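J.: The following block contains the structure, expressed as structure tokens.
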There are 2 protein chains.
Amino acid sequence: MRSYGQYCSIARALDVVGDRWTLLIARELLLQGPCRFTDLKRGLPGIAPNLLSTRLKELEEAGLITREDAPPPIATVLYTLSETGTALEPVLKALGLWGLRFMTEERPDDAFQARWLAYAPEWFTTDADPDAPPAVIQLVAADEAAVVELRDGQVRTRLGRATEPDLLLEGPPRAVLGLINGLIDLERATSIGLTATGRTDLLTRLRPDDQDRGRTRDASRA
Amino acid sequence: MRSYGQYCSIARALDVVGDRWTLLIARELLLQGPCRFTDLKRGLPGIAPNLLSTRLKELEEAGLITREDAPPPIATVLYTLSETGTALEPVLKALGLWGLRFMTEERPDDAFQARWLAYAPEWFTTDADPDAPPAVIQLVAADEAAVVELRDGQVRTRLGRATEPDLLLEGPPRAVLGLINGLIDLERATSIGLTATGRTDLLTRLRPDDQDRGRTRDASRA
DNA sequence: CGGGATCCTCTGCGATACTG
DNA sequence: CAGTATCGCAGAGGATCCCG
């Protein structure tokens, strides 16, 4: 990317990660861990392979990722985030939290993956009752499944299905994620296609972080 | 910007602010407050006017800024951040904090402005001794001046010069900012051109936030 | 089949000039 | 001062092909 030519840490950060696709590549590596070229390509629907190749070179040169020849079983290259790359996590969290406000807009052709279903609760919600017994919530949206585990005051997630979830939330992505992230309430989520089976009381326990959202009324500059 | 076509809040955020210059425009409006076209142009050295014009339209359409005809005295248009736009502050802070690690690299042709000197201490440092009496530090770099005030446990900054600062830090931007942000120590800062006059003990009080930095040795690519 | 490289097209960006 | 008009070029997107 062409440099902004400004001695400002924001501009310098954007010199490095301001290019198209770059932060999304970091997102994939952060969520997936070390990846092969194809893993990244699958996690980034829409990216052209040559562009991915270019970006990976640039990121390696900038010191955000390393490429290693994986050990014998998989004789291929693995891309891994360096410490500098891993340090982007707060940036992605801040960006993702801010971006939640645009998730209510419908765009039916958007791609959707289980991983994006999973990271949202882990990054953007808190267990409101940390001392309560463990609980398991199953999320299903657009054939993608993720499990949310409330345990020890932590909200952890993983891909796939649980055997006996306490609560099952199933419906279109914007219903499931909208409810989880506090963009809409259960009634509204139900009206746009969500089915909630089981202990819906767990929804009050899985509390969305309110960094800046939540004040629908009034506004910024009083 | 062309949409990433992914139902993921990070991707959606980048759909809105991922374009070149967009986040830097937000930076200017956040640091300066409401701006005229020319104020923005001056704060963004290197931007082409047509591109600034295009971005302002896009940002208005996306709801991040509003344009208002300013009252009679200045009969011109003012661009102001909306609540959605103001909510980008955590994103810019995270990005700026991450970007600090690239500030040690020398690039003599980079533009530099007092505002970028001022926001760094306010955003990225803490008063390590909140109960100590107020103190004033004068920063001067590349003919740009800013004042840091330690008071009531807060680190506040403003542009310009103080009458009787307790400490004066003067030198090239990377010496002043590098020292302030904990990228280098006083000895190293002095060796690259910093002069510190007055109560250098205040430097221990102005403590850089250590989100991920502070490990100068060993470093990124282990 | 994984990991790219190559080619072509087209949009977006940068630079400068110009206008109300 | 606040933009618009024009133009050239770099970068993105898409498809195809290549190699181990």
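In the structure tokens, chains take letters A, B, ... by order of appearance, with residues numbered from 1 within each chain and ligands from 1 in the order shown.
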Once the least-squares fit of chain B onto chain A is done over all Cα atoms matched in order, how many Å of RMSD are left?
T.: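 With all C-alpha atoms paired in order, the RMSD is 1.3 Å.
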J.: Might you pull out every residue within 12 Å of Leu81 of chain B, with only C-alpha atoms (C1' of nucleotides) counted and same-chain residues fewer than 5 positions away left off, and present them as a list of chain:residue names?
T.: A:Ala219, A:Ser220, A:Arg221, B:Ile25, B:Ala26, B:Arg27, B:Glu28, B:Leu29, B:Leu30, B:Leu31, B:Gln32, B:Gly33, B:Pro34, B:Cys35, B:Leu56, B:Leu59, B:Glu60, B:Ala62, B:Gly63, B:Leu64, B:Ile65, B:Thr66, B:Arg67, B:Glu68, B:Thr86, B:Ala87, B:Leu88, B:Glu89
J.: May I ask you to extract the residues of chain B within 9 Å of chain C, using only C-alpha atoms (C1' of nucleotides), and to give them as a JSON list (two decimals) with N, CA, C and O atoms, in the first residue's frame?
T.:
[["chain", "number", "residue", "atom", "x", "y", "z"],
["B", 1, "MET", "N", -16.94, 1.91, -1.35],
["B", 1, "MET", "CA", -16.11, 0.70, -1.39],
["B", 1, "MET", "C", -16.96, -0.50, -1.73],
["B", 1, "MET", "O", -18.10, -0.61, -1.32],
["B", 20, "ARG", "N", -9.62, 3.81, 1.68],
["B", 20, "ARG", "CA", -8.45, 4.65, 1.92],
["B", 20, "ARG", "C", -8.88, 6.04, 2.40],
["B", 20, "ARG", "O", -9.85, 6.60, 1.90],
["B", 47, "ILE", "N", -3.93, 14.22, 0.79],
["B", 47, "ILE", "CA", -5.21, 13.80, 0.22],
["B", 47, "ILE", "C", -5.57, 14.70, -0.97],
["B", 47, "ILE", "O", -5.32, 15.90, -0.95],
["B", 48, "ALA", "N", -6.12, 14.09, -1.99],
["B", 48, "ALA", "CA", -6.58, 14.85, -3.15],
["B", 48, "ALA", "C", -7.96, 15.40, -2.84],
["B", 48, "ALA", "O", -8.79, 14.70, -2.25],
["B", 51, "LEU", "N", -10.96, 13.38, -3.78],
["B", 51, "LEU", "CA", -11.14, 12.19, -2.97],
["B", 51, "LEU", "C", -11.76, 12.57, -1.62],
["B", 51, "LEU", "O", -12.67, 11.89, -1.13]]
J.: DSSP on the backbone: which residues in segment 91-159 of chain A end up as alpha helix (DSSP H)? Give the answer as a PyMOL selection string.
T.: chain A and resi 91-99+114-124
J.: Do you have the atom CA of Asp39 of chain A-atom CA of Leu97 of chain A distance handy?
T.: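 Straight-line distance from atom CA of Asp39 of chain A to atom CA of Leu97 of chain A works out to 24.9 Å.
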J.: Taking only C-alpha atoms (C1' of nucleotides) into account, report as a short mmCIF file (atom, residue, chain, number, x, y, z; two decimals) with N, CA and C atoms, in the first residue's frame which residues of chain B lie within 12 Å of chain D.
T.:
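This is the output file iface.cif:
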data_model
loop_
_atom_site.label_atom_id
_atom_site.label_comp_id
_atom_site.auth_asym_id
_atom_site.auth_seq_id
_atom_site.Cartn_x
_atom_site.Cartn_y
_atom_site.Cartn_z
N MET B 1 -16.94 1.91 -1.35
CA MET B 1 -16.11 0.70 -1.39
C MET B 1 -16.96 -0.50 -1.73
N ARG B 2 -16.39 -1.36 -2.45
CA ARG B 2 -17.04 -2.61 -2.75
C ARG B 2 -17.21 -3.42 -1.46
N TYR B 4 -17.50 -6.49 1.14
CA TYR B 4 -16.85 -7.79 1.25
C TYR B 4 -17.87 -8.92 1.11
N ARG B 36 -14.24 22.57 8.62
CA ARG B 36 -14.53 22.96 7.25
C ARG B 36 -13.74 22.06 6.31
N PHE B 37 -14.10 22.10 5.06
CA PHE B 37 -13.40 21.31 4.05
C PHE B 37 -11.90 21.57 4.10
N THR B 38 -11.55 22.81 4.19
CA THR B 38 -10.13 23.17 4.18
C THR B 38 -9.41 22.74 5.45
N ASP B 39 -10.11 22.78 6.56
CA ASP B 39 -9.49 22.29 7.79
C ASP B 39 -9.10 20.82 7.63
N LEU B 40 -10.01 20.07 7.05
CA LEU B 40 -9.74 18.65 6.85
C LEU B 40 -8.58 18.46 5.88
N LYS B 41 -8.61 19.23 4.82
CA LYS B 41 -7.56 19.12 3.82
C LYS B 41 -6.20 19.41 4.44
N ALA B 48 -6.12 14.09 -1.99
CA ALA B 48 -6.58 14.85 -3.15
C ALA B 48 -7.96 15.40 -2.84
N PRO B 49 -8.22 16.64 -3.22
CA PRO B 49 -9.50 17.27 -2.88
C PRO B 49 -10.71 16.51 -3.41
N ASN B 50 -10.60 15.96 -4.60
CA ASN B 50 -11.75 15.21 -5.12
C ASN B 50 -12.03 13.98 -4.27
N LEU B 51 -10.96 13.38 -3.78
CA LEU B 51 -11.14 12.19 -2.97
C LEU B 51 -11.76 12.57 -1.62
N LEU B 52 -11.30 13.66 -1.05
CA LEU B 52 -11.89 14.12 0.21
C LEU B 52 -13.37 14.40 0.02
N SER B 53 -13.68 15.04 -1.08
CA SER B 53 -15.07 15.33 -1.40
C SER B 53 -15.91 14.06 -1.50
N THR B 54 -15.37 13.10 -2.23
CA THR B 54 -16.07 11.81 -2.37
C THR B 54 -16.29 11.15 -1.02
N LEU B 56 -16.38 12.42 1.97
CA LEU B 56 -17.31 13.14 2.83
C LEU B 56 -18.75 12.80 2.43
N LYS B 57 -18.99 12.68 1.15
CA LYS B 57 -20.33 12.28 0.70
C LYS B 57 -20.66 10.88 1.19
N ILE B 74 -19.44 32.65 9.96
CA ILE B 74 -18.74 31.87 8.94
C ILE B 74 -19.76 31.20 8.05
N ALA B 75 -20.02 31.79 6.93
CA ALA B 75 -21.07 31.27 6.05
C ALA B 75 -20.52 30.11 5.23
N THR B 76 -20.27 28.99 5.90
CA THR B 76 -19.74 27.85 5.17
C THR B 76 -20.23 26.55 5.78
N VAL B 77 -19.85 25.47 5.15
CA VAL B 77 -20.32 24.16 5.59
C VAL B 77 -19.37 23.60 6.66
N LEU B 78 -19.95 23.03 7.70
CA LEU B 78 -19.15 22.36 8.73
C LEU B 78 -19.47 20.87 8.73
#
J.: Please report as JSON lines every residue of chain B lying within 6 Å of chain A, along with the nearest atom pair and their distance in Å (one decimal), using only C-alpha atoms.
T.:
{"residue": "B:Gly5", "atom": "CA", "partner": "A:Asp110", "partner_atom": "CA", "distance": 4.6}
{"residue": "B:Gln6", "atom": "CA", "partner": "A:Ala111", "partner_atom": "CA", "distance": 4.7}
{"residue": "B:Tyr7", "atom": "CA", "partner": "A:Asp110", "partner_atom": "CA", "distance": 5.4}
{"residue": "B:Cys8", "atom": "CA", "partner": "A:Trp116", "partner_atom": "CA", "distance": 5.9}
{"residue": "B:Ser9", "atom": "CA", "partner": "A:Gly99", "partner_atom": "CA", "distance": 4.7}
{"residue": "B:Ile10", "atom": "CA", "partner": "A:Gly96", "partner_atom": "CA", "distance": 4.2}
{"residue": "B:Arg12", "atom": "CA", "partner": "A:Gly99", "partner_atom": "CA", "distance": 5.8}
{"residue": "B:Ala13", "atom": "CA", "partner": "A:Gly99", "partner_atom": "CA", "distance": 4.2}
{"residue": "B:Glu83", "atom": "CA", "partner": "A:Ser220", "partner_atom": "CA", "distance": 4.9}
{"residue": "B:Val91", "atom": "CA", "partner": "A:Ala94", "partner_atom": "CA", "distance": 5.0}
{"residue": "B:Ala94", "atom": "CA", "partner": "A:Val91", "partner_atom": "CA", "distance": 5.0}
{"residue": "B:Leu95", "atom": "CA", "partner": "A:Val91", "partner_atom": "CA", "distance": 5.7}
{"residue": "B:Gly96", "atom": "CA", "partner": "A:Ile10", "partner_atom": "CA", "distance": 4.2}
{"residue": "B:Gly99", "atom": "CA", "partner": "A:Ala13", "partner_atom": "CA", "distance": 4.2}
{"residue": "B:Leu100", "atom": "CA", "partner": "A:Ser9", "partner_atom": "CA", "distance": 5.1}
{"residue": "B:Asp110", "atom": "CA", "partner": "A:Gly5", "partner_atom": "CA", "distance": 4.6}
{"residue": "B:Ala111", "atom": "CA", "partner": "A:Gln6", "partner_atom": "CA", "distance": 4.7}
{"residue": "B:Phe112", "atom": "CA", "partner": "A:Tyr7", "partner_atom": "CA", "distance": 5.4}
{"residue": "B:Trp116", "atom": "CA", "partner": "A:Cys8", "partner_atom": "CA", "distance": 5.9}
{"residue": "B:Ser220", "atom": "CA", "partner": "A:Glu83", "partner_atom": "CA", "distance": 5.3}
J.: Write to file, as a tab-separated table (two decimals), in the first residue's frame, the residues of the selection just made, with all heavy atoms.
T.:
chain	number	residue	atom	x	y	z
B	5	GLY	N	-19.13	-8.59	1.26
B	5	GLY	CA	-20.16	-9.60	1.10
B	5	GLY	C	-20.12	-10.69	2.16
B	5	GLY	O	-20.40	-11.85	1.90
B	6	GLN	N	-19.75	-10.28	3.38
B	6	GLN	CA	-19.70	-11.25	4.46
B	6	GLN	C	-20.57	-10.76	5.62
B	6	GLN	O	-20.48	-9.60	6.01
B	6	GLN	CB	-18.26	-11.43	4.96
B	6	GLN	CG	-17.30	-11.87	3.89
B	6	GLN	CD	-15.89	-12.12	4.42
B	6	GLN	OE1	-15.62	-11.92	5.61
B	6	GLN	NE2	-15.00	-12.56	3.55
B	7	TYR	N	-21.37	-11.65	6.18
B	7	TYR	CA	-22.19	-11.28	7.33
B	7	TYR	C	-21.36	-11.46	8.59
B	7	TYR	O	-21.54	-12.41	9.35
B	7	TYR	CB	-23.49	-12.07	7.38
B	7	TYR	CG	-24.46	-11.48	8.37
B	7	TYR	CD1	-25.09	-10.28	8.11
B	7	TYR	CD2	-24.74	-12.10	9.58
B	7	TYR	CE1	-25.97	-9.71	9.01
B	7	TYR	CE2	-25.61	-11.56	10.50
B	7	TYR	CZ	-26.22	-10.36	10.20
B	7	TYR	OH	-27.09	-9.80	11.11
B	8	CYS	N	-20.47	-10.51	8.79
B	8	CYS	CA	-19.52	-10.52	9.91
B	8	CYS	C	-19.32	-9.06	10.27
B	8	CYS	O	-19.15	-8.22	9.39
B	8	CYS	CB	-18.21	-11.16	9.47
B	8	CYS	SG	-16.74	-10.63	10.41
B	9	SER	N	-19.34	-8.75	11.57
B	9	SER	CA	-19.36	-7.34	11.94
B	9	SER	C	-18.05	-6.64	11.60
B	9	SER	O	-18.02	-5.44	11.36
B	9	SER	CB	-19.70	-7.17	13.42
B	9	SER	OG	-18.68	-7.71	14.24
B	10	ILE	N	-16.95	-7.40	11.58
B	10	ILE	CA	-15.68	-6.79	11.20
B	10	ILE	C	-15.71	-6.42	9.72
B	10	ILE	O	-15.34	-5.32	9.33
B	10	ILE	CB	-14.51	-7.75	11.49
B	10	ILE	CG1	-14.45	-8.05	12.99
B	10	ILE	CG2	-13.20	-7.17	11.01
B	10	ILE	CD1	-13.44	-9.12	13.36
B	12	ARG	N	-18.32	-5.89	7.94
B	12	ARG	CA	-19.28	-4.80	7.72
B	12	ARG	C	-18.70	-3.46	8.13
B	12	ARG	O	-18.95	-2.44	7.50
B	12	ARG	CB	-20.56	-5.07	8.50
B	12	ARG	CG	-21.36	-6.21	7.93
B	12	ARG	CD	-22.78	-5.73	7.64
B	12	ARG	NE	-23.45	-6.66	6.75
B	12	ARG	CZ	-24.76	-6.68	6.57
B	12	ARG	NH1	-25.52	-5.86	7.26
B	12	ARG	NH2	-25.30	-7.51	5.72
B	13	ALA	N	-17.94	-3.47	9.22
B	13	ALA	CA	-17.28	-2.23	9.63
B	13	ALA	C	-16.34	-1.77	8.53
B	13	ALA	O	-16.31	-0.59	8.16
B	13	ALA	CB	-16.52	-2.44	10.93
B	83	GLU	N	-23.08	10.47	16.19
B	83	GLU	CA	-22.79	9.54	17.28
B	83	GLU	C	-22.11	8.28	16.74
B	83	GLU	O	-21.16	7.78	17.34
B	83	GLU	CB	-24.08	9.15	18.00
B	83	GLU	CG	-23.80	8.23	19.16
B	83	GLU	CD	-25.07	7.81	19.87
B	83	GLU	OE1	-26.12	8.43	19.64
B	83	GLU	OE2	-24.99	6.84	20.65
B	91	VAL	N	-11.84	2.40	18.11
B	91	VAL	CA	-11.15	1.79	16.98
B	91	VAL	C	-9.87	2.54	16.69
B	91	VAL	O	-8.79	1.94	16.54
B	91	VAL	CB	-12.06	1.79	15.72
B	91	VAL	CG1	-11.29	1.28	14.51
B	91	VAL	CG2	-13.31	0.97	15.96
B	94	ALA	N	-7.29	1.87	19.45
B	94	ALA	CA	-6.67	0.55	19.33
B	94	ALA	C	-5.68	0.52	18.17
B	94	ALA	O	-4.57	-0.01	18.29
B	94	ALA	CB	-7.75	-0.52	19.13
B	95	LEU	N	-6.07	1.12	17.08
B	95	LEU	CA	-5.21	1.16	15.90
B	95	LEU	C	-3.96	1.98	16.18
B	95	LEU	O	-2.84	1.59	15.82
B	95	LEU	CB	-6.01	1.76	14.74
B	95	LEU	CG	-5.69	1.38	13.31
B	95	LEU	CD1	-5.54	-0.12	13.14
B	95	LEU	CD2	-6.78	1.92	12.41
B	96	GLY	N	-4.15	3.11	16.83
B	96	GLY	CA	-3.02	3.98	17.13
B	96	GLY	C	-2.07	3.35	18.12
B	96	GLY	O	-0.84	3.49	17.99
B	99	GLY	N	-0.17	0.82	16.25
B	99	GLY	CA	0.72	1.44	15.28
B	99	GLY	C	1.97	2.05	15.89
B	99	GLY	O	2.95	2.31	15.18
B	100	LEU	N	1.96	2.27	17.19
B	100	LEU	CA	3.13	2.86	17.84
B	100	LEU	C	4.40	2.08	17.56
B	100	LEU	O	5.48	2.65	17.46
B	100	LEU	CB	2.91	2.94	19.36
B	100	LEU	CG	1.99	4.06	19.85
B	100	LEU	CD1	1.81	3.95	21.35
B	100	LEU	CD2	2.56	5.42	19.48
B	110	ASP	N	8.07	12.13	6.19
B	110	ASP	CA	6.73	12.12	6.74
B	110	ASP	C	6.29	13.51	7.19
B	110	ASP	O	7.08	14.26	7.77
B	110	ASP	CB	6.65	11.17	7.95
B	110	ASP	CG	6.35	9.75	7.52
B	110	ASP	OD1	6.26	9.49	6.31
B	110	ASP	OD2	6.21	8.89	8.41
B	111	ALA	N	5.04	13.83	6.94
B	111	ALA	CA	4.48	15.07	7.48
B	111	ALA	C	4.29	14.91	8.98
B	111	ALA	O	4.19	13.78	9.49
B	111	ALA	CB	3.15	15.37	6.80
B	112	PHE	N	4.25	16.01	9.66
B	112	PHE	CA	4.07	15.96	11.10
B	112	PHE	C	3.27	17.18	11.56
B	112	PHE	O	3.51	18.28	11.12
B	112	PHE	CB	5.42	15.92	11.82
B	112	PHE	CG	5.29	15.76	13.30
B	112	PHE	CD1	4.81	14.57	13.83
B	112	PHE	CD2	5.61	16.80	14.16
B	112	PHE	CE1	4.67	14.42	15.20
B	112	PHE	CE2	5.47	16.65	15.53
B	112	PHE	CZ	5.00	15.46	16.04
B	116	TRP	N	-0.98	15.56	16.19
B	116	TRP	CA	-0.55	14.17	16.35
B	116	TRP	C	0.40	14.03	17.52
B	116	TRP	O	0.56	12.96	18.10
B	116	TRP	CB	0.09	13.66	15.06
B	116	TRP	CG	-0.72	13.94	13.84
B	116	TRP	CD1	-2.07	14.18	13.80
B	116	TRP	CD2	-0.26	14.05	12.50
B	116	TRP	NE1	-2.45	14.43	12.51
B	116	TRP	CE2	-1.37	14.35	11.69
B	116	TRP	CE3	0.99	13.90	11.89
B	116	TRP	CZ2	-1.27	14.52	10.32
B	116	TRP	CZ3	1.08	14.07	10.52
B	116	TRP	CH2	-0.04	14.38	9.74
B	220	SER	N	9.23	-8.83	17.81
B	220	SER	CA	8.09	-9.35	17.06
B	220	SER	C	8.32	-10.73	16.44
B	220	SER	O	7.57	-11.66	16.67
B	220	SER	CB	7.72	-8.37	15.96
B	220	SER	OG	8.87	-8.08	15.18
J.: For atom CA of Arg205 of chain A and atom CA of Pro172 of chain A, determine how far apart the two atoms are, in Å to one decimal place.
T.: 22.0 Å
J.: List the neighbours of Ala145 of chain A out to 9 Å using only C-alpha atoms (C1' of nucleotides); skip same-chain residues closer than 4 positions along the sequence, and give me the result as a PDB file with all heavy atoms, in the first residue's frame.
T.:
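Produced file part01.pdb, reproduced below:
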ATOM      1  N   GLN A 113     -20.421 -17.799   7.880  1.00  0.00           N
ATOM      2  CA  GLN A 113     -19.677 -18.964   8.339  1.00  0.00           C
ATOM      3  C   GLN A 113     -19.808 -19.145   9.845  1.00  0.00           C
ATOM      4  O   GLN A 113     -19.967 -18.174  10.591  1.00  0.00           O
ATOM      5  CB  GLN A 113     -18.200 -18.812   7.961  1.00  0.00           C
ATOM      6  CG  GLN A 113     -18.011 -18.661   6.471  1.00  0.00           C
ATOM      7  CD  GLN A 113     -16.592 -18.944   6.015  1.00  0.00           C
ATOM      8  OE1 GLN A 113     -16.294 -18.857   4.843  1.00  0.00           O
ATOM      9  NE2 GLN A 113     -15.714 -19.292   6.948  1.00  0.00           N
ATOM     10  N   ALA A 114     -19.674 -20.378  10.256  1.00  0.00           N
ATOM     11  CA  ALA A 114     -19.843 -20.712  11.666  1.00  0.00           C
ATOM     12  C   ALA A 114     -18.874 -19.931  12.549  1.00  0.00           C
ATOM     13  O   ALA A 114     -19.206 -19.540  13.663  1.00  0.00           O
ATOM     14  CB  ALA A 114     -19.642 -22.213  11.873  1.00  0.00           C
ATOM     15  N   ARG A 115     -17.688 -19.711  12.042  1.00  0.00           N
ATOM     16  CA  ARG A 115     -16.686 -19.023  12.845  1.00  0.00           C
ATOM     17  C   ARG A 115     -17.133 -17.615  13.231  1.00  0.00           C
ATOM     18  O   ARG A 115     -16.845 -17.122  14.318  1.00  0.00           O
ATOM     19  CB  ARG A 115     -15.369 -18.942  12.078  1.00  0.00           C
ATOM     20  CG  ARG A 115     -14.195 -19.499  12.839  1.00  0.00           C
ATOM     21  CD  ARG A 115     -12.960 -19.539  11.979  1.00  0.00           C
ATOM     22  NE  ARG A 115     -13.013 -20.626  11.018  1.00  0.00           N
ATOM     23  CZ  ARG A 115     -12.694 -21.876  11.312  1.00  0.00           C
ATOM     24  NH1 ARG A 115     -12.327 -22.192  12.539  1.00  0.00           N
ATOM     25  NH2 ARG A 115     -12.743 -22.810  10.387  1.00  0.00           N
ATOM     26  N   LEU A 117     -20.158 -16.774  13.578  1.00  0.00           N
ATOM     27  CA  LEU A 117     -21.212 -16.953  14.569  1.00  0.00           C
ATOM     28  C   LEU A 117     -20.586 -17.145  15.952  1.00  0.00           C
ATOM     29  O   LEU A 117     -21.108 -16.678  16.964  1.00  0.00           O
ATOM     30  CB  LEU A 117     -22.027 -18.197  14.183  1.00  0.00           C
ATOM     31  CG  LEU A 117     -23.268 -18.587  14.957  1.00  0.00           C
ATOM     32  CD1 LEU A 117     -24.293 -17.477  14.932  1.00  0.00           C
ATOM     33  CD2 LEU A 117     -23.864 -19.873  14.370  1.00  0.00           C
ATOM     34  N   ALA A 118     -19.455 -17.805  15.960  1.00  0.00           N
ATOM     35  CA  ALA A 118     -18.832 -18.163  17.237  1.00  0.00           C
ATOM     36  C   ALA A 118     -18.090 -17.003  17.900  1.00  0.00           C
ATOM     37  O   ALA A 118     -18.148 -16.839  19.119  1.00  0.00           O
ATOM     38  CB  ALA A 118     -17.866 -19.332  17.026  1.00  0.00           C
ATOM     39  N   GLN A 138     -26.761 -23.597  22.262  1.00  0.00           N
ATOM     40  CA  GLN A 138     -26.464 -24.001  20.891  1.00  0.00           C
ATOM     41  C   GLN A 138     -26.984 -22.950  19.925  1.00  0.00           C
ATOM     42  O   GLN A 138     -28.152 -22.561  19.983  1.00  0.00           O
ATOM     43  CB  GLN A 138     -27.150 -25.344  20.587  1.00  0.00           C
ATOM     44  CG  GLN A 138     -26.998 -25.793  19.144  1.00  0.00           C
ATOM     45  CD  GLN A 138     -25.609 -26.353  18.872  1.00  0.00           C
ATOM     46  OE1 GLN A 138     -25.176 -27.282  19.539  1.00  0.00           O
ATOM     47  NE2 GLN A 138     -24.915 -25.767  17.900  1.00  0.00           N
ATOM     48  N   LEU A 139     -26.105 -22.470  19.062  1.00  0.00           N
ATOM     49  CA  LEU A 139     -26.517 -21.512  18.031  1.00  0.00           C
ATOM     50  C   LEU A 139     -26.530 -22.207  16.673  1.00  0.00           C
ATOM     51  O   LEU A 139     -25.578 -22.903  16.321  1.00  0.00           O
ATOM     52  CB  LEU A 139     -25.544 -20.334  17.971  1.00  0.00           C
ATOM     53  CG  LEU A 139     -25.241 -19.579  19.272  1.00  0.00           C
ATOM     54  CD1 LEU A 139     -24.271 -18.427  18.989  1.00  0.00           C
ATOM     55  CD2 LEU A 139     -26.516 -19.074  19.912  1.00  0.00           C
ATOM     56  N   VAL A 140     -27.581 -21.990  15.925  1.00  0.00           N
ATOM     57  CA  VAL A 140     -27.642 -22.524  14.566  1.00  0.00           C
ATOM     58  C   VAL A 140     -28.205 -21.447  13.646  1.00  0.00           C
ATOM     59  O   VAL A 140     -29.289 -20.919  13.890  1.00  0.00           O
ATOM     60  CB  VAL A 140     -28.521 -23.784  14.478  1.00  0.00           C
ATOM     61  CG1 VAL A 140     -28.568 -24.291  13.041  1.00  0.00           C
ATOM     62  CG2 VAL A 140     -28.003 -24.872  15.410  1.00  0.00           C
ATOM     63  N   ALA A 141     -27.451 -21.130  12.609  1.00  0.00           N
ATOM     64  CA  ALA A 141     -27.895 -20.113  11.658  1.00  0.00           C
ATOM     65  C   ALA A 141     -27.360 -20.447  10.283  1.00  0.00           C
ATOM     66  O   ALA A 141     -26.164 -20.707  10.126  1.00  0.00           O
ATOM     67  CB  ALA A 141     -27.413 -18.734  12.089  1.00  0.00           C
ATOM     68  N   ARG A 158     -17.229 -22.646  20.641  1.00  0.00           N
ATOM     69  CA  ARG A 158     -16.556 -23.566  19.714  1.00  0.00           C
ATOM     70  C   ARG A 158     -17.508 -23.867  18.576  1.00  0.00           C
ATOM     71  O   ARG A 158     -18.715 -23.647  18.677  1.00  0.00           O
ATOM     72  CB  ARG A 158     -16.131 -24.849  20.427  1.00  0.00           C
ATOM     73  CG  ARG A 158     -17.269 -25.566  21.105  1.00  0.00           C
ATOM     74  CD  ARG A 158     -16.759 -26.799  21.839  1.00  0.00           C
ATOM     75  NE  ARG A 158     -17.843 -27.442  22.570  1.00  0.00           N
ATOM     76  CZ  ARG A 158     -18.703 -28.304  22.025  1.00  0.00           C
ATOM     77  NH1 ARG A 158     -18.619 -28.609  20.739  1.00  0.00           N
ATOM     78  NH2 ARG A 158     -19.660 -28.846  22.766  1.00  0.00           N
ATOM     79  N   LEU A 159     -16.973 -24.395  17.497  1.00  0.00           N
ATOM     80  CA  LEU A 159     -17.811 -24.716  16.349  1.00  0.00           C
ATOM     81  C   LEU A 159     -18.535 -26.034  16.595  1.00  0.00           C
ATOM     82  O   LEU A 159     -18.156 -26.821  17.453  1.00  0.00           O
ATOM     83  CB  LEU A 159     -16.948 -24.822  15.087  1.00  0.00           C
ATOM     84  CG  LEU A 159     -16.077 -23.596  14.789  1.00  0.00           C
ATOM     85  CD1 LEU A 159     -15.412 -23.736  13.434  1.00  0.00           C
ATOM     86  CD2 LEU A 159     -16.901 -22.322  14.839  1.00  0.00           C
ATOM     87  N   GLY A 160     -19.584 -26.260  15.831  1.00  0.00           N
ATOM     88  CA  GLY A 160     -20.255 -27.558  15.885  1.00  0.00           C
ATOM     89  C   GLY A 160     -21.443 -27.595  16.818  1.00  0.00           C
ATOM     90  O   GLY A 160     -22.027 -26.582  17.155  1.00  0.00           O
ATOM     91  N   ARG A 161     -21.774 -28.832  17.254  1.00  0.00           N
ATOM     92  CA  ARG A 161     -23.002 -29.031  18.018  1.00  0.00           C
ATOM     93  C   ARG A 161     -22.717 -29.629  19.387  1.00  0.00           C
ATOM     94  O   ARG A 161     -21.779 -30.396  19.550  1.00  0.00           O
ATOM     95  CB  ARG A 161     -23.948 -29.967  17.256  1.00  0.00           C
ATOM     96  CG  ARG A 161     -24.144 -29.559  15.809  1.00  0.00           C
ATOM     97  CD  ARG A 161     -25.567 -29.796  15.356  1.00  0.00           C
ATOM     98  NE  ARG A 161     -25.767 -29.246  14.019  1.00  0.00           N
ATOM     99  CZ  ARG A 161     -26.849 -28.543  13.686  1.00  0.00           C
ATOM    100  NH1 ARG A 161     -27.807 -28.331  14.572  1.00  0.00           N
ATOM    101  NH2 ARG A 161     -26.984 -28.074  12.465  1.00  0.00           N
TER     102      ARG A 161
END
